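S.K.: Let me begin by handing over the structure; questions about it come next.
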Amino acid sequence: MATTLTPTHPLLTVPFSATTDFTLLADHCEQFVETLMESDDPTLKMALCGRLTACLSVLEPTLLDPVPAHLVDSLTVESLPVRTPRFDPDCTQLCRYCITLTHLLAGQALSPEMETQLSGLLYDLINYFTAEMKAPRWVRTADGVKCIEDDAA
């Protein structure tokens, strides 16, 4: 007897396609991963991973396309934003990401394509991690040595 899963979470039925604006696809990805992180239900987690993969797969081929004319106004501001998006995990979390990826790669249970992608991600993360660890923290000034973070603020 086959069991048919009935979607129990509204995100599992959110429609999207190749014609969906990239900004909406990005919002969907964010919602999928937020719910994934908050969920303890293994079935829901698996379904959300599937939705996230599908959404990212629809988004990927359009990443280098020009911004559609109808979205230009929504992506235009009157003055530069105070903050721009950036990947900024603390050193402990970044190290944990690297350890986890290393364990996944060492397990040798990945497809060759996944192994290549995760190896590339690990390479980028390790280089970023190393640069962060070795980055200058102080600057010599006429007033003495100062913490760089204090000057940036």
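Residue numbers start at 1 in each chain; chains themselves are named A, B, ... in the order of the structure tokens; ligands are numbered from 1 in the order shown.
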Env of stretch 76-91 of chain A: 9 Å cut, atoms = only C-alpha atoms, seq-sep filter 4 positions within chain, self excluded. Answer as a list in words.
M.R.: Leu71, Val72, Cys95, Arg96, Phe129, Glu132 and Met133 of chain A
S.K.: Excluding same-chain residues fewer than 5 positions from A:Leu122, what lies within 9 Å of it counting only C-alpha atoms, as an mmCIF file with N, CA and C atoms, in the first residue's frame?
M.R.:
data_model
loop_
_atom_site.group_PDB
_atom_site.id
_atom_site.type_symbol
_atom_site.label_atom_id
_atom_site.label_comp_id
_atom_site.auth_asym_id
_atom_site.auth_seq_id
_atom_site.Cartn_x
_atom_site.Cartn_y
_atom_site.Cartn_z
ATOM 1 N N TYR A 97 31.551 25.576 10.100
ATOM 2 C CA TYR A 97 31.158 25.310 8.716
ATOM 3 C C TYR A 97 32.245 24.521 7.998
ATOM 4 N N CYS A 98 33.489 24.939 8.188
ATOM 5 C CA CYS A 98 34.613 24.269 7.534
ATOM 6 C C CYS A 98 34.767 22.829 8.020
ATOM 7 N N LEU A 101 31.885 20.694 6.486
ATOM 8 C CA LEU A 101 32.152 20.388 5.076
ATOM 9 C C LEU A 101 33.266 19.359 4.928
ATOM 10 N N THR A 102 34.295 19.474 5.738
ATOM 11 C CA THR A 102 35.406 18.510 5.687
ATOM 12 C C THR A 102 34.911 17.110 6.024
ATOM 13 N N GLN A 117 31.362 20.657 -5.890
ATOM 14 C CA GLN A 117 30.779 21.899 -5.377
ATOM 15 C C GLN A 117 31.150 22.135 -3.918
ATOM 16 N N ASN A 127 39.792 29.881 2.644
ATOM 17 C CA ASN A 127 40.540 31.081 2.267
ATOM 18 C C ASN A 127 39.991 32.316 2.984
#
S.K.: Can you list every residue in chain A that DSSP puts in helix (DSSP H, G or I), as a compact mmCIF listing (two decimals) with N, CA, C and O atoms, in the first residue's frame?
M.R.:
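Contents of states-v7.txt, as written:
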# COMPACT_ATOMS: atom_id res chain seq x y z
N PRO A 10 2.19 25.53 4.64
CA PRO A 10 1.84 26.36 3.48
C PRO A 10 3.01 26.59 2.51
O PRO A 10 2.79 26.76 1.31
N LEU A 11 4.23 26.57 2.98
CA LEU A 11 5.38 26.77 2.09
C LEU A 11 5.55 25.64 1.08
O LEU A 11 6.18 25.82 0.04
N LEU A 12 4.98 24.49 1.38
CA LEU A 12 5.13 23.35 0.48
C LEU A 12 4.28 23.48 -0.77
O LEU A 12 4.45 22.72 -1.72
N THR A 13 3.38 24.46 -0.77
CA THR A 13 2.52 24.65 -1.95
C THR A 13 2.72 26.02 -2.61
O THR A 13 1.97 26.39 -3.50
N PHE A 22 13.21 37.10 -9.94
CA PHE A 22 14.29 36.60 -9.10
C PHE A 22 14.19 37.10 -7.67
O PHE A 22 14.58 36.42 -6.73
N THR A 23 13.61 38.29 -7.47
CA THR A 23 13.47 38.81 -6.11
C THR A 23 12.48 37.98 -5.31
O THR A 23 12.69 37.71 -4.13
N LEU A 24 11.42 37.54 -5.95
CA LEU A 24 10.43 36.68 -5.29
C LEU A 24 11.02 35.29 -5.03
O LEU A 24 10.80 34.69 -3.97
N LEU A 25 11.79 34.78 -5.99
CA LEU A 25 12.47 33.49 -5.78
C LEU A 25 13.42 33.57 -4.58
O LEU A 25 13.48 32.64 -3.77
N ALA A 26 14.15 34.67 -4.48
CA ALA A 26 15.05 34.86 -3.35
C ALA A 26 14.27 34.88 -2.04
O ALA A 26 14.69 34.28 -1.04
N ASP A 27 13.12 35.56 -2.03
CA ASP A 27 12.27 35.58 -0.83
C ASP A 27 11.81 34.17 -0.46
O ASP A 27 11.82 33.79 0.71
N HIS A 28 11.41 33.40 -1.47
CA HIS A 28 10.99 32.01 -1.21
C HIS A 28 12.14 31.22 -0.59
O HIS A 28 11.94 30.48 0.38
N CYS A 29 13.33 31.33 -1.16
CA CYS A 29 14.49 30.61 -0.62
C CYS A 29 14.71 30.97 0.85
O CYS A 29 14.95 30.10 1.68
N GLU A 30 14.61 32.25 1.15
CA GLU A 30 14.79 32.71 2.52
C GLU A 30 13.73 32.10 3.45
O GLU A 30 14.04 31.64 4.54
N GLN A 31 12.48 32.07 2.99
CA GLN A 31 11.40 31.50 3.80
C GLN A 31 11.60 29.99 3.99
O GLN A 31 11.39 29.47 5.10
N PHE A 32 12.01 29.30 2.93
CA PHE A 32 12.24 27.85 3.03
C PHE A 32 13.32 27.56 4.07
O PHE A 32 13.16 26.69 4.93
N VAL A 33 14.43 28.27 3.99
CA VAL A 33 15.55 27.96 4.88
C VAL A 33 15.25 28.40 6.32
O VAL A 33 15.66 27.73 7.27
N GLU A 34 14.53 29.51 6.50
CA GLU A 34 14.15 29.92 7.86
C GLU A 34 13.28 28.86 8.52
O GLU A 34 13.49 28.50 9.68
N THR A 35 12.28 28.37 7.78
CA THR A 35 11.39 27.35 8.32
C THR A 35 12.16 26.05 8.55
O THR A 35 11.94 25.36 9.55
N LEU A 36 13.06 25.73 7.65
CA LEU A 36 13.90 24.53 7.78
C LEU A 36 14.71 24.59 9.08
O LEU A 36 14.78 23.61 9.83
N MET A 37 15.30 25.74 9.36
CA MET A 37 16.11 25.89 10.57
C MET A 37 15.28 25.80 11.85
O MET A 37 15.77 25.36 12.88
N GLU A 38 14.01 26.19 11.77
CA GLU A 38 13.14 26.19 12.95
C GLU A 38 12.42 24.87 13.18
O GLU A 38 11.90 24.63 14.25
N PRO A 42 11.37 15.77 10.72
CA PRO A 42 12.25 15.30 9.63
C PRO A 42 11.56 15.28 8.27
O PRO A 42 12.18 15.57 7.25
N THR A 43 10.27 14.96 8.24
CA THR A 43 9.55 14.92 6.96
C THR A 43 9.41 16.32 6.39
O THR A 43 9.63 16.54 5.19
N LEU A 44 9.07 17.28 7.23
CA LEU A 44 8.96 18.67 6.77
C LEU A 44 10.33 19.18 6.33
O LEU A 44 10.44 19.86 5.31
N LYS A 45 11.37 18.84 7.08
CA LYS A 45 12.73 19.27 6.70
C LYS A 45 13.10 18.75 5.32
O LYS A 45 13.64 19.48 4.48
N MET A 46 12.80 17.49 5.06
CA MET A 46 13.12 16.90 3.76
C MET A 46 12.33 17.59 2.65
O MET A 46 12.88 17.92 1.59
N ALA A 47 11.05 17.85 2.91
CA ALA A 47 10.22 18.52 1.91
C ALA A 47 10.71 19.94 1.66
O ALA A 47 10.76 20.41 0.51
N LEU A 48 11.10 20.64 2.71
CA LEU A 48 11.61 22.00 2.55
C LEU A 48 12.94 22.02 1.79
O LEU A 48 13.18 22.91 0.99
N CYS A 49 13.77 21.04 2.05
CA CYS A 49 15.03 20.92 1.29
C CYS A 49 14.73 20.73 -0.19
O CYS A 49 15.39 21.31 -1.06
N GLY A 50 13.73 19.93 -0.48
CA GLY A 50 13.33 19.72 -1.87
C GLY A 50 12.83 21.00 -2.51
O GLY A 50 13.18 21.32 -3.65
N ARG A 51 12.01 21.75 -1.78
CA ARG A 51 11.49 23.03 -2.29
C ARG A 51 12.63 24.03 -2.48
O ARG A 51 12.67 24.76 -3.47
N LEU A 52 13.55 24.07 -1.53
CA LEU A 52 14.68 24.99 -1.62
C LEU A 52 15.55 24.64 -2.82
O LEU A 52 15.94 25.52 -3.59
N THR A 53 15.82 23.37 -3.01
CA THR A 53 16.60 22.92 -4.16
C THR A 53 15.91 23.30 -5.47
O THR A 53 16.55 23.80 -6.40
N ALA A 54 14.61 23.07 -5.53
CA ALA A 54 13.86 23.40 -6.74
C ALA A 54 13.90 24.90 -7.01
O ALA A 54 14.12 25.33 -8.15
N CYS A 55 13.71 25.69 -5.99
CA CYS A 55 13.70 27.14 -6.15
C CYS A 55 15.09 27.64 -6.59
O CYS A 55 15.20 28.48 -7.50
N LEU A 56 16.13 27.15 -5.96
CA LEU A 56 17.49 27.54 -6.35
C LEU A 56 17.81 27.09 -7.77
O LEU A 56 18.49 27.81 -8.52
N SER A 57 17.31 25.94 -8.16
CA SER A 57 17.54 25.44 -9.51
C SER A 57 16.84 26.29 -10.56
O SER A 57 17.34 26.45 -11.68
N VAL A 58 15.68 26.85 -10.22
CA VAL A 58 14.99 27.77 -11.12
C VAL A 58 15.73 29.11 -11.18
O VAL A 58 15.85 29.73 -12.23
N LEU A 59 16.26 29.53 -10.05
CA LEU A 59 16.95 30.82 -9.95
C LEU A 59 18.32 30.82 -10.64
O LEU A 59 18.69 31.79 -11.31
N GLU A 60 19.05 29.73 -10.52
CA GLU A 60 20.45 29.68 -10.99
C GLU A 60 20.65 30.11 -12.44
O GLU A 60 21.53 30.94 -12.72
N PRO A 61 19.89 29.62 -13.40
CA PRO A 61 20.16 30.00 -14.79
C PRO A 61 19.90 31.48 -15.10
O PRO A 61 20.32 31.98 -16.13
N THR A 62 19.23 32.18 -14.19
CA THR A 62 18.90 33.59 -14.45
C THR A 62 19.83 34.56 -13.73
O THR A 62 19.69 35.78 -13.89
N ALA A 69 13.18 45.28 -16.60
CA ALA A 69 12.81 46.70 -16.49
C ALA A 69 11.78 46.96 -15.39
O ALA A 69 11.87 47.97 -14.68
N HIS A 70 10.83 46.04 -15.21
CA HIS A 70 9.79 46.27 -14.21
C HIS A 70 10.30 46.17 -12.77
O HIS A 70 9.59 46.54 -11.84
N LEU A 71 11.54 45.70 -12.57
CA LEU A 71 12.10 45.61 -11.22
C LEU A 71 13.09 46.73 -10.91
O LEU A 71 13.52 46.87 -9.77
N VAL A 72 13.47 47.49 -11.92
CA VAL A 72 14.49 48.53 -11.72
C VAL A 72 14.09 49.51 -10.62
O VAL A 72 14.89 49.83 -9.73
N ASP A 73 12.86 50.00 -10.62
CA ASP A 73 12.43 50.96 -9.60
C ASP A 73 12.51 50.37 -8.19
O ASP A 73 12.92 51.05 -7.25
N SER A 74 12.15 49.12 -8.04
CA SER A 74 12.17 48.50 -6.71
C SER A 74 13.60 48.27 -6.21
O SER A 74 13.80 48.05 -5.01
N LEU A 75 14.58 48.32 -7.09
CA LEU A 75 15.98 48.11 -6.71
C LEU A 75 16.79 49.40 -6.80
O LEU A 75 18.02 49.37 -6.80
N CYS A 91 34.13 33.94 13.80
CA CYS A 91 35.19 32.97 13.51
C CYS A 91 34.83 31.56 13.98
O CYS A 91 35.17 30.58 13.32
N THR A 92 34.10 31.45 15.08
CA THR A 92 33.72 30.13 15.59
C THR A 92 32.76 29.44 14.63
O THR A 92 32.93 28.27 14.30
N GLN A 93 31.75 30.17 14.17
CA GLN A 93 30.79 29.58 13.24
C GLN A 93 31.44 29.24 11.92
O GLN A 93 31.18 28.18 11.34
N LEU A 94 32.30 30.10 11.43
CA LEU A 94 33.01 29.84 10.18
C LEU A 94 33.86 28.58 10.29
O LEU A 94 33.87 27.73 9.39
N CYS A 95 34.53 28.41 11.41
CA CYS A 95 35.33 27.20 11.63
C CYS A 95 34.43 25.96 11.65
O CYS A 95 34.77 24.93 11.07
N ARG A 96 33.27 26.06 12.28
CA ARG A 96 32.32 24.92 12.32
C ARG A 96 31.82 24.57 10.92
O ARG A 96 31.67 23.39 10.60
N TYR A 97 31.55 25.58 10.10
CA TYR A 97 31.16 25.31 8.72
C TYR A 97 32.25 24.52 8.00
O TYR A 97 31.97 23.55 7.30
N CYS A 98 33.49 24.94 8.19
CA CYS A 98 34.61 24.27 7.53
C CYS A 98 34.77 22.83 8.02
O CYS A 98 35.00 21.92 7.23
N ILE A 99 34.62 22.63 9.31
CA ILE A 99 34.72 21.28 9.88
C ILE A 99 33.62 20.38 9.31
O ILE A 99 33.87 19.25 8.90
N THR A 100 32.39 20.90 9.27
CA THR A 100 31.26 20.12 8.76
C THR A 100 31.46 19.74 7.30
O THR A 100 31.25 18.59 6.91
N LEU A 101 31.88 20.69 6.49
CA LEU A 101 32.15 20.39 5.08
C LEU A 101 33.27 19.36 4.93
O LEU A 101 33.18 18.47 4.09
N THR A 102 34.30 19.47 5.74
CA THR A 102 35.41 18.51 5.69
C THR A 102 34.91 17.11 6.02
O THR A 102 35.27 16.13 5.36
N HIS A 103 34.05 17.00 7.04
CA HIS A 103 33.48 15.70 7.41
C HIS A 103 32.62 15.12 6.28
O HIS A 103 32.69 13.93 5.99
N LEU A 104 31.83 15.97 5.66
CA LEU A 104 31.01 15.51 4.53
C LEU A 104 31.88 14.98 3.39
O LEU A 104 31.60 13.93 2.82
N LEU A 105 32.93 15.72 3.08
CA LEU A 105 33.83 15.30 1.99
C LEU A 105 34.59 14.03 2.36
O LEU A 105 34.81 13.17 1.51
N ALA A 106 34.98 13.89 3.61
CA ALA A 106 35.72 12.71 4.05
C ALA A 106 34.84 11.47 4.02
O ALA A 106 35.35 10.35 3.86
N PRO A 112 29.93 12.83 -7.52
CA PRO A 112 31.10 13.60 -7.96
C PRO A 112 30.80 15.10 -8.11
O PRO A 112 31.62 15.94 -7.76
N GLU A 113 29.62 15.43 -8.63
CA GLU A 113 29.26 16.85 -8.79
C GLU A 113 29.13 17.54 -7.43
O GLU A 113 29.62 18.65 -7.24
N MET A 114 28.46 16.88 -6.47
CA MET A 114 28.32 17.45 -5.14
C MET A 114 29.69 17.60 -4.47
O MET A 114 29.96 18.61 -3.83
N GLU A 115 30.53 16.60 -4.65
CA GLU A 115 31.88 16.66 -4.06
C GLU A 115 32.65 17.85 -4.63
O GLU A 115 33.31 18.58 -3.89
N THR A 116 32.53 18.07 -5.92
CA THR A 116 33.22 19.21 -6.55
C THR A 116 32.69 20.52 -5.99
O THR A 116 33.47 21.43 -5.65
N GLN A 117 31.36 20.66 -5.89
CA GLN A 117 30.78 21.90 -5.38
C GLN A 117 31.15 22.14 -3.92
O GLN A 117 31.53 23.25 -3.53
N LEU A 118 31.08 21.09 -3.10
CA LEU A 118 31.41 21.26 -1.68
C LEU A 118 32.90 21.50 -1.48
O LEU A 118 33.30 22.24 -0.59
N SER A 119 33.73 20.89 -2.32
CA SER A 119 35.17 21.15 -2.25
C SER A 119 35.45 22.62 -2.58
O SER A 119 36.27 23.27 -1.92
N GLY A 120 34.76 23.14 -3.58
CA GLY A 120 34.91 24.55 -3.93
C GLY A 120 34.45 25.47 -2.81
O GLY A 120 35.10 26.47 -2.50
N LEU A 121 33.32 25.11 -2.20
CA LEU A 121 32.82 25.90 -1.07
C LEU A 121 33.81 25.84 0.09
O LEU A 121 34.11 26.88 0.70
N LEU A 122 34.32 24.66 0.39
CA LEU A 122 35.31 24.53 1.46
C LEU A 122 36.55 25.36 1.15
O LEU A 122 37.07 26.06 2.01
N TYR A 123 37.01 25.33 -0.09
CA TYR A 123 38.17 26.11 -0.50
C TYR A 123 37.91 27.61 -0.25
O TYR A 123 38.74 28.30 0.36
N ASP A 124 36.75 28.10 -0.70
CA ASP A 124 36.43 29.51 -0.51
C ASP A 124 36.30 29.86 0.97
O ASP A 124 36.78 30.92 1.42
N LEU A 125 35.65 29.00 1.74
CA LEU A 125 35.49 29.27 3.17
C LEU A 125 36.82 29.25 3.91
O LEU A 125 37.07 30.10 4.77
N ILE A 126 37.67 28.29 3.59
CA ILE A 126 38.98 28.22 4.25
C ILE A 126 39.81 29.45 3.91
O ILE A 126 40.47 30.04 4.78
N ASN A 127 39.79 29.88 2.64
CA ASN A 127 40.54 31.08 2.27
C ASN A 127 39.99 32.32 2.98
O ASN A 127 40.76 33.15 3.46
N TYR A 128 38.69 32.41 3.08
CA TYR A 128 38.06 33.53 3.80
C TYR A 128 38.43 33.45 5.29
O TYR A 128 38.80 34.45 5.91
N PHE A 129 38.32 32.27 5.87
CA PHE A 129 38.65 32.04 7.27
C PHE A 129 40.10 32.42 7.55
O PHE A 129 40.39 33.14 8.52
N THR A 130 41.01 31.99 6.70
CA THR A 130 42.43 32.30 6.87
C THR A 130 42.67 33.80 6.78
O THR A 130 43.40 34.38 7.59
N ALA A 131 42.04 34.44 5.80
CA ALA A 131 42.19 35.90 5.65
C ALA A 131 41.67 36.63 6.89
O ALA A 131 42.28 37.60 7.35
N GLU A 132 40.54 36.16 7.43
CA GLU A 132 39.99 36.78 8.64
C GLU A 132 40.93 36.59 9.83
O GLU A 132 41.13 37.50 10.61
N MET A 133 41.50 35.40 9.96
CA MET A 133 42.37 35.12 11.09
C MET A 133 43.67 35.95 11.02
O MET A 133 44.21 36.35 12.04
N LYS A 134 44.14 36.20 9.81
CA LYS A 134 45.41 36.89 9.63
C LYS A 134 45.25 38.38 9.33
O LYS A 134 46.24 39.09 9.15
N ILE A 148 41.41 48.68 14.82
CA ILE A 148 40.84 49.00 13.51
C ILE A 148 39.32 49.07 13.58
O ILE A 148 38.70 49.94 12.97
N GLU A 149 38.70 48.18 14.34
CA GLU A 149 37.23 48.19 14.44
C GLU A 149 36.72 49.50 15.03
O GLU A 149 35.66 49.97 14.65
N ASP A 150 37.47 50.10 15.95
CA ASP A 150 37.07 51.38 16.53
C ASP A 150 37.07 52.48 15.47
O ASP A 150 36.19 53.33 15.46
N ASP A 151 38.05 52.45 14.57
CA ASP A 151 38.12 53.46 13.51
C ASP A 151 37.04 53.26 12.46
O ASP A 151 36.56 54.21 11.86
N ALA A 152 36.63 52.00 12.26
CA ALA A 152 35.59 51.71 11.25
C ALA A 152 34.22 52.17 11.72
O ALA A 152 33.35 52.46 10.93
S.K.: Quick one: distance from atom CA of A:Val67 to atom CA of A:Val14 in Å, one decimal?
M.R.: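 That distance, rounded to one decimal, is 23.2 Å.
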